[in-house]
Amino acid sequence: MKKLLFCIGLVAAMVSCSDEKNPVYEYPVRPGVTVVPSVKAEAVQAEANALEFKVTPANATEAAYLCIETVDDDAQLSAGKVISQGVAIDAAEVGTYRAEELYPETDYNIYVAVRDNDRSALTQIKMTTTAPATEPDEPDVPEGPVTNPMYIWVDAAANFPDFANSEENIRRDLTLAKETGFTDVVVDVRPTNGDVLFTTSHCNQVEWLGAWTSNGYSKIKRTATFDYLGKFIEIGHELGLRIHAGFNTMVGGNTSSLGSQGILYRDSSKKDWATTLNTKNGFVNTLDSDETTWFFNPLHPEVQDYLCDLLTDLAAYTELDGIILDRGRFDSMMSDFSDLTKEAFEDYVGESVDFNRDVMPAGFTGTINADMPYEYKHLKKWLEFRAKVIHDFMTKAEETVHAVNPTVKFGVYVGGWYSTYYDVGVNWASPNYNTGAKFPRWATSEYKNFGYADIMDHMLIGAYASPGNVYGTSEWTMQGFCQLAMTYTAGDCPLVCGGPDVGNWDYDDKYTDAQEHQAITNSVKACYDACNGYFLFDMIHLKKGDMWQYAKAGIDEVKASLE
């Protein structure tokens, strides 16, 4: 018994094309010769429930196909019946088509007919669907207890000698991270030069980065063409790691002994995007200063739109697990004092403002409590205003990301030193945390309204204390940074993870290697128990010092405590 499958629902043309490689042959017209239609069919691919085939018609005005389950090999149909009862297809172009909703491991005859007025042609091919796909093996059950997230950061520049041009090195070091016990990797895809290592049409790709090598500070060029972020996602997921994109936010370029880079360097028309600094010598565009990393003015609407365009393309990586904004802030206490920001601040306070008379003295870089013992008229309101600028941008960025990819985690890295973080215009606490009551010297009663912890899905806290200050309850101890972060965020961010910078924590060379190694191990449980997980900066330090084992010992200690 034969079954006619008209394949109405999902049966459709996959591709209809005519190009130089597959031209439609046109018969030459000769006097007294009647051109007749013709058709050719070729098998392309068989699946368990579908068959794909290619049709090449010529000199026809109508075309159609029928897919019939074969009971005997002698089954035949007329061209007229195929045209009248089959699925109509393009009669003028080469096309590839799929017959779907078929039975697995079954023979089918595919009849293709063409017609032009009273002349027609018919062809037939036989195809067989494949066996159903086997069920995947059950995933391996991880050994030991499952921990809260253990993040490790991968700085773009520092790791560029290994990763810029080598998929093998990416696999090697992600494997080491997995074996150590890390669960989450943050790969920096927008370094401080402001160019990118992911696919976007809005910004240049990174061509080179400066990194310290055995030959000193060197220019590492990227010649590979593979998708840098895409490769981390692919390999990381194969290994069972979650992959997050680190995104340096308010930066537009940098300069060093190796050269200058970034949109602020390449495009002079964007100079007003750059922040204006309140220096001892007056208000100076950062491009005209001795700064080596050039920050944007976070208030500038074109800057915000530009960054959101980049985040839109970043969020389009549907397999990406998270996005973490770094440097989502003002440059420093000296930033931003542009005319644009002055006008917006005057609107905010409702009167004209003289920055150096009403806000802060020229060139001020200290802290409010220790170095500015007297009030300026609008100092506290200025700090509140800057926190609002960053809060509002973070809201816009989160909405941009989740409009494209609702499941990707959105978050930030911030320094744990909240008591002085006003200097970069950021309130990363919960809007329910009363900053003004705790820090009345610099925070207004309204400052808390611009806490953004409730906007975030995850936050990484830089608990960047020295190797001798793992334990404690105050700032500048790793454990204390993490405990305080939980107090400040007040449960509004579901995932707050903190930890040390294990390479830049002993500038005075005060601690021995053994003490530093023990500090890495101790930091894991100290920070993990104080917040929602652990965060280590940066992978390069574990690699260069061959210190993976010390991080593993700490992670193993956490796992043992969970048992």
# chains A, B, ... in the order shown; residues from 1 in each chain; ligands from 1
>>> select_by_dssp(residues="stretch 253-439 of chain A", states="strand (DSSP E)", output="number ranges by chain")
A: 253-256, 259-261, 276-279, 282-285, 293-295, 322-326, 409-415
>>> write_last_selection(atoms="C-alpha atoms", output="tab-separated table (two decimals), in the first residue's frame")
chain	number	residue	atom	x	y	z
A	253	GLY	CA	41.25	54.18	24.13
A	254	ASN	CA	44.69	54.06	25.67
A	255	THR	CA	48.31	54.86	24.98
A	256	SER	CA	51.67	53.39	25.95
A	259	GLY	CA	51.43	53.11	20.55
A	260	SER	CA	47.88	54.41	20.87
A	261	GLN	CA	44.57	52.71	20.16
A	276	THR	CA	37.04	66.47	31.06
A	277	LEU	CA	39.31	66.45	34.12
A	278	ASN	CA	39.39	69.01	36.92
A	279	THR	CA	43.19	69.35	37.12
A	282	GLY	CA	42.25	73.84	34.86
A	283	PHE	CA	39.63	71.78	33.06
A	284	VAL	CA	41.42	69.51	30.56
A	285	ASN	CA	40.13	66.94	28.09
A	293	THR	CA	43.70	55.22	29.71
A	294	TRP	CA	41.11	57.54	28.18
A	295	PHE	CA	37.70	57.43	29.80
A	322	GLY	CA	26.70	36.21	31.61
A	323	ILE	CA	27.90	39.74	30.98
A	324	ILE	CA	29.94	41.61	33.60
A	325	LEU	CA	30.63	45.32	33.18
A	326	ASP	CA	34.00	46.51	34.47
A	409	LYS	CA	23.04	37.13	33.58
A	410	PHE	CA	23.80	40.85	33.73
A	411	GLY	CA	26.14	42.24	36.34
A	412	VAL	CA	29.21	44.24	37.32
A	413	TYR	CA	32.64	44.04	38.87
A	414	VAL	CA	33.22	46.66	41.58
A	415	GLY	CA	35.89	47.33	44.16
>>> residues_around(residues="A:Ala157", least_positions_apart="6", cutoff="9 Å", atoms="only C-alpha atoms", output="ChimeraX atom specification")
/A:188,191-192,208-212,220
>>> write_last_selection(atoms="N, CA, C and O atoms", output="short mmCIF file (atom, residue, chain, number, x, y, z; two decimals), in the first residue's frame")
data_model
loop_
_atom_site.label_atom_id
_atom_site.label_comp_id
_atom_site.auth_asym_id
_atom_site.auth_seq_id
_atom_site.Cartn_x
_atom_site.Cartn_y
_atom_site.Cartn_z
N ASP A 188 37.66 38.60 29.30
CA ASP A 188 37.66 40.03 28.96
C ASP A 188 37.61 40.18 27.44
O ASP A 188 38.55 39.79 26.74
N PRO A 191 38.95 45.14 26.15
CA PRO A 191 40.01 45.64 27.03
C PRO A 191 40.02 47.16 27.11
O PRO A 191 39.14 47.83 26.53
N THR A 192 41.00 47.71 27.81
CA THR A 192 40.98 49.15 28.08
C THR A 192 41.28 50.00 26.86
O THR A 192 41.15 51.23 26.92
N TRP A 208 46.07 44.42 18.35
CA TRP A 208 47.22 44.08 19.20
C TRP A 208 46.97 44.60 20.61
O TRP A 208 46.19 45.52 20.82
N LEU A 209 47.65 43.98 21.56
CA LEU A 209 47.63 44.44 22.94
C LEU A 209 49.04 44.35 23.50
O LEU A 209 49.84 43.51 23.09
N GLY A 210 49.32 45.20 24.45
CA GLY A 210 50.62 45.16 25.11
C GLY A 210 50.59 44.21 26.30
O GLY A 210 49.65 44.22 27.09
N ALA A 211 51.62 43.38 26.41
CA ALA A 211 51.69 42.42 27.52
C ALA A 211 53.14 42.22 27.92
O ALA A 211 54.06 42.36 27.11
N TRP A 212 53.33 41.85 29.19
CA TRP A 212 54.67 41.57 29.68
C TRP A 212 55.05 40.14 29.31
O TRP A 212 54.34 39.20 29.62
N ILE A 220 51.64 42.33 21.25
CA ILE A 220 51.17 41.01 20.83
C ILE A 220 50.09 41.22 19.78
O ILE A 220 49.02 41.74 20.08
#
>>> residues_around(residues="A:Tyr452", least_positions_apart="3", cutoff="8 Å", atoms="only C-alpha atoms", output="list in words")
His391, Met394, Asn427, Trp428, Ala429, Ser430, Pro431, Ile455 and Met456 of chain A
>>> write_last_selection(atoms="all heavy atoms", output="short mmCIF file (atom, residue, chain, number, x, y, z; two decimals), in the first residue's frame")
data_model
loop_
_atom_site.label_atom_id
_atom_site.label_comp_id
_atom_site.auth_asym_id
_atom_site.auth_seq_id
_atom_site.Cartn_x
_atom_site.Cartn_y
_atom_site.Cartn_z
N HIS A 391 23.86 54.97 37.85
CA HIS A 391 22.66 54.15 38.08
C HIS A 391 21.78 54.13 36.85
O HIS A 391 21.30 53.06 36.40
CB HIS A 391 21.88 54.70 39.28
CG HIS A 391 20.53 54.06 39.46
ND1 HIS A 391 19.40 54.48 38.76
CD2 HIS A 391 20.11 53.04 40.24
CE1 HIS A 391 18.37 53.76 39.11
NE2 HIS A 391 18.76 52.87 40.01
N MET A 394 23.31 52.08 34.06
CA MET A 394 23.22 50.65 34.32
C MET A 394 21.81 50.14 34.06
O MET A 394 21.63 49.02 33.54
CB MET A 394 23.64 50.35 35.76
CG MET A 394 25.13 50.48 36.00
SD MET A 394 26.10 49.31 35.02
CE MET A 394 27.77 49.79 35.49
N ASN A 427 27.34 53.88 43.29
CA ASN A 427 26.70 53.33 44.48
C ASN A 427 26.22 51.93 44.13
O ASN A 427 25.15 51.76 43.54
CB ASN A 427 25.53 54.20 44.93
CG ASN A 427 24.84 53.63 46.16
OD1 ASN A 427 25.32 52.67 46.77
ND2 ASN A 427 23.69 54.20 46.52
N TRP A 428 27.03 50.93 44.49
CA TRP A 428 26.68 49.56 44.12
C TRP A 428 25.86 48.84 45.19
O TRP A 428 25.58 47.63 45.08
CB TRP A 428 27.91 48.74 43.77
CG TRP A 428 29.07 48.74 44.72
CD1 TRP A 428 30.19 49.52 44.64
CD2 TRP A 428 29.28 47.89 45.85
NE1 TRP A 428 31.07 49.22 45.65
CE2 TRP A 428 30.54 48.22 46.41
CE3 TRP A 428 28.52 46.88 46.46
CZ2 TRP A 428 31.06 47.58 47.55
CZ3 TRP A 428 29.04 46.25 47.58
CH2 TRP A 428 30.28 46.59 48.12
N ALA A 429 25.42 49.59 46.19
CA ALA A 429 24.62 49.00 47.26
C ALA A 429 23.16 48.85 46.84
O ALA A 429 22.75 49.25 45.74
CB ALA A 429 24.72 49.85 48.52
N SER A 430 22.39 48.27 47.72
CA SER A 430 20.94 48.21 47.54
C SER A 430 20.33 49.60 47.72
O SER A 430 20.82 50.38 48.54
CB SER A 430 20.32 47.25 48.57
OG SER A 430 18.94 47.47 48.69
N PRO A 431 19.27 49.92 46.99
CA PRO A 431 18.58 51.19 47.25
C PRO A 431 17.92 51.21 48.62
O PRO A 431 17.49 52.27 49.09
CB PRO A 431 17.54 51.27 46.11
CG PRO A 431 17.36 49.87 45.65
CD PRO A 431 18.68 49.20 45.85
N ILE A 455 19.40 45.93 40.29
CA ILE A 455 19.40 45.80 38.84
C ILE A 455 20.18 44.57 38.40
O ILE A 455 19.96 44.03 37.32
CB ILE A 455 20.00 47.07 38.20
CG1 ILE A 455 19.17 48.31 38.56
CG2 ILE A 455 20.14 46.94 36.69
CD1 ILE A 455 19.83 49.61 38.17
N MET A 456 21.08 44.10 39.26
CA MET A 456 22.07 43.09 38.87
C MET A 456 21.62 41.66 39.15
O MET A 456 20.98 41.38 40.16
CB MET A 456 23.38 43.36 39.61
CG MET A 456 23.93 44.75 39.42
SD MET A 456 24.23 45.11 37.66
CE MET A 456 24.37 46.89 37.68
#
>>> select_by_dssp(residues="stretch 218-440 of chain A", states="alpha helix (DSSP H)", output="PyMOL selection string")
chain A and resi 228-238+263-266+301-315+339-349+368-371+379-404+435-438
>>> residues_around(residues="A:Thr489", least_positions_apart="3", cutoff="12 Å", atoms="only C-alpha atoms", output="ChimeraX atom specification")
/A:416,418,427-435,448,451-461,482-486,492-497,531-532
>>> residues_around(residues="stretch 120-129 of chain A", least_positions_apart="4", cutoff="8 Å", atoms="only C-alpha atoms", output="PyMOL selection string")
chain A and resi 36-43+46-51+78-80+102-116
>>> write_last_selection(atoms="N, CA, C and O atoms", output="tab-separated table (two decimals), in the first residue's frame")
chain	number	residue	atom	x	y	z
A	36	VAL	N	11.76	22.22	-25.37
A	36	VAL	CA	10.91	21.43	-24.48
A	36	VAL	C	11.43	21.56	-23.05
A	36	VAL	O	12.62	21.76	-22.84
A	37	PRO	N	10.55	21.43	-22.06
A	37	PRO	CA	10.99	21.50	-20.66
A	37	PRO	C	11.77	20.26	-20.26
A	37	PRO	O	11.59	19.18	-20.84
A	38	SER	N	12.62	20.41	-19.25
A	38	SER	CA	13.36	19.28	-18.70
A	38	SER	C	13.56	19.50	-17.22
A	38	SER	O	13.43	20.62	-16.71
A	39	VAL	N	13.91	18.44	-16.47
A	39	VAL	CA	14.11	18.55	-15.03
A	39	VAL	C	15.09	17.48	-14.57
A	39	VAL	O	15.12	16.37	-15.10
A	40	LYS	N	15.90	17.86	-13.56
A	40	LYS	CA	16.86	16.94	-12.96
A	40	LYS	C	16.69	17.01	-11.44
A	40	LYS	O	16.50	18.09	-10.88
A	41	ALA	N	16.73	15.84	-10.77
A	41	ALA	CA	16.63	15.79	-9.31
A	41	ALA	C	17.84	15.05	-8.74
A	41	ALA	O	18.29	14.05	-9.31
A	42	GLU	N	18.37	15.56	-7.62
A	42	GLU	CA	19.54	14.95	-6.99
A	42	GLU	C	19.32	14.88	-5.48
A	42	GLU	O	18.81	15.83	-4.86
A	43	ALA	N	19.68	13.77	-4.88
A	43	ALA	CA	19.63	13.62	-3.43
A	43	ALA	C	20.68	14.50	-2.78
A	43	ALA	O	21.81	14.61	-3.27
A	46	ALA	N	19.80	12.86	3.84
A	46	ALA	CA	18.73	12.11	4.47
A	46	ALA	C	18.84	12.24	5.98
A	46	ALA	O	19.94	12.20	6.55
A	47	GLU	N	17.70	12.40	6.63
A	47	GLU	CA	17.63	12.43	8.09
A	47	GLU	C	16.59	11.42	8.54
A	47	GLU	O	15.95	10.76	7.72
A	48	ALA	N	16.38	11.30	9.83
A	48	ALA	CA	15.44	10.30	10.34
A	48	ALA	C	14.01	10.61	9.91
A	48	ALA	O	13.23	9.70	9.62
A	49	ASN	N	13.66	11.88	9.85
A	49	ASN	CA	12.28	12.26	9.54
A	49	ASN	C	12.18	13.23	8.36
A	49	ASN	O	11.14	13.86	8.17
A	50	ALA	N	13.24	13.35	7.59
A	50	ALA	CA	13.22	14.30	6.48
A	50	ALA	C	14.20	13.88	5.39
A	50	ALA	O	15.18	13.20	5.65
A	51	LEU	N	13.88	14.31	4.17
A	51	LEU	CA	14.76	14.11	3.02
A	51	LEU	C	14.97	15.45	2.34
A	51	LEU	O	14.01	16.21	2.14
A	78	SER	N	2.28	9.98	-13.45
A	78	SER	CA	2.40	10.84	-14.63
A	78	SER	C	2.83	12.23	-14.19
A	78	SER	O	2.62	12.64	-13.04
A	79	ALA	N	3.43	12.97	-15.14
A	79	ALA	CA	3.83	14.33	-14.84
A	79	ALA	C	2.62	15.19	-14.49
A	79	ALA	O	2.67	16.03	-13.58
A	80	GLY	N	1.50	14.94	-15.18
A	80	GLY	CA	0.30	15.73	-14.91
A	80	GLY	C	-0.21	15.56	-13.50
A	80	GLY	O	-0.64	16.51	-12.85
A	102	LEU	N	8.46	12.50	7.88
A	102	LEU	CA	8.53	11.17	7.28
A	102	LEU	C	8.85	10.13	8.36
A	102	LEU	O	9.15	10.46	9.50
A	103	TYR	N	8.77	8.85	7.96
A	103	TYR	CA	9.09	7.76	8.87
A	103	TYR	C	10.59	7.45	8.79
A	103	TYR	O	11.18	7.44	7.70
A	104	PRO	N	11.21	7.13	9.92
A	104	PRO	CA	12.63	6.76	9.87
A	104	PRO	C	12.84	5.41	9.23
A	104	PRO	O	11.94	4.55	9.23
A	105	GLU	N	14.02	5.21	8.66
A	105	GLU	CA	14.44	3.95	8.04
A	105	GLU	C	13.41	3.45	7.02
A	105	GLU	O	13.03	2.29	7.00
A	106	THR	N	12.95	4.36	6.17
A	106	THR	CA	11.89	4.04	5.19
A	106	THR	C	12.32	4.53	3.81
A	106	THR	O	12.90	5.61	3.68
A	107	ASP	N	12.00	3.72	2.76
A	107	ASP	CA	12.30	4.09	1.38
A	107	ASP	C	11.21	5.01	0.84
A	107	ASP	O	10.00	4.78	1.08
A	108	TYR	N	11.61	6.01	0.08
A	108	TYR	CA	10.66	6.93	-0.55
A	108	TYR	C	11.08	7.16	-2.00
A	108	TYR	O	12.27	7.20	-2.33
A	109	ASN	N	10.07	7.28	-2.87
A	109	ASN	CA	10.28	7.77	-4.23
A	109	ASN	C	9.90	9.24	-4.26
A	109	ASN	O	8.83	9.63	-3.78
A	110	ILE	N	10.79	10.04	-4.82
A	110	ILE	CA	10.52	11.46	-4.99
A	110	ILE	C	10.36	11.73	-6.48
A	110	ILE	O	11.30	11.53	-7.26
A	111	TYR	N	9.14	12.12	-6.88
A	111	TYR	CA	8.82	12.42	-8.27
A	111	TYR	C	8.82	13.94	-8.44
A	111	TYR	O	8.20	14.66	-7.65
A	112	VAL	N	9.50	14.41	-9.47
A	112	VAL	CA	9.53	15.84	-9.77
A	112	VAL	C	9.10	16.03	-11.23
A	112	VAL	O	9.65	15.38	-12.13
A	113	ALA	N	8.13	16.90	-11.44
A	113	ALA	CA	7.61	17.14	-12.79
A	113	ALA	C	7.66	18.62	-13.11
A	113	ALA	O	7.52	19.47	-12.22
A	114	VAL	N	7.85	18.92	-14.42
A	114	VAL	CA	7.79	20.30	-14.90
A	114	VAL	C	6.87	20.34	-16.13
A	114	VAL	O	6.68	19.33	-16.81
A	115	ARG	N	6.33	21.51	-16.41
A	115	ARG	CA	5.42	21.63	-17.56
A	115	ARG	C	5.51	23.03	-18.14
A	115	ARG	O	5.71	24.01	-17.41
A	116	ASP	N	5.35	23.09	-19.48
A	116	ASP	CA	5.24	24.37	-20.19
A	116	ASP	C	4.17	24.20	-21.24
A	116	ASP	O	4.37	23.49	-22.23
>>> closest_residue(among="A:Gly554, A:Gly491, A:Gly462, A:Gly498", to="A:His517", atoms="only C-alpha atoms")
A:Gly554
>>> closest_residue(among="A:Ile390, A:Ala530, A:Ala99, A:Val426", to="A:Thr477", atoms="only C-alpha atoms")
A:Ala530
>>> residues_around(residues="A:Val146", least_positions_apart="4", cutoff="12 Å", atoms="only C-alpha atoms", output="list in words")
Val141, Pro142, Met150, Gly181, Phe182, Thr183, Gly533, Ile555, Asp556, Val558, Lys559, Ala560, Ser561, Leu562 and Glu563 of chain A
>>> closest_residue(among="A:Ala224, A:Tyr374, A:Gly468, A:Asp392", to="A:Thr512", atoms="only C-alpha atoms")
A:Gly468
>>> closest_residue(among="A:Lys54, A:Arg357, A:Arg222, A:Lys377", to="A:Val94", atoms="only C-alpha atoms")
A:Lys54
>>> closest_residue(among="A:Leu536, A:Ile170, A:Leu311, A:Met360", to="A:Glu399", atoms="only C-alpha atoms")
A:Leu311
>>> residues_around(residues="A:Gly262", least_positions_apart="4", cutoff="7 Å", atoms="only C-alpha atoms", output="PyMOL selection string")
chain A and resi 193-195+252-254+266
>>> write_last_selection(atoms="C-alpha atoms", output="PDB file, in the first residue's frame")
ATOM      1  CA  ASN A 193      41.792  50.206  24.518  1.00  0.00           C
ATOM      2  CA  GLY A 194      38.045  50.041  23.886  1.00  0.00           C
ATOM      3  CA  ASP A 195      38.241  47.713  20.875  1.00  0.00           C
ATOM      4  CA  GLY A 252      37.541  54.628  24.669  1.00  0.00           C
ATOM      5  CA  GLY A 253      41.246  54.175  24.129  1.00  0.00           C
ATOM      6  CA  ASN A 254      44.692  54.059  25.666  1.00  0.00           C
ATOM      7  CA  ARG A 266      41.148  57.103  15.706  1.00  0.00           C
TER       8      ARG A 266
END
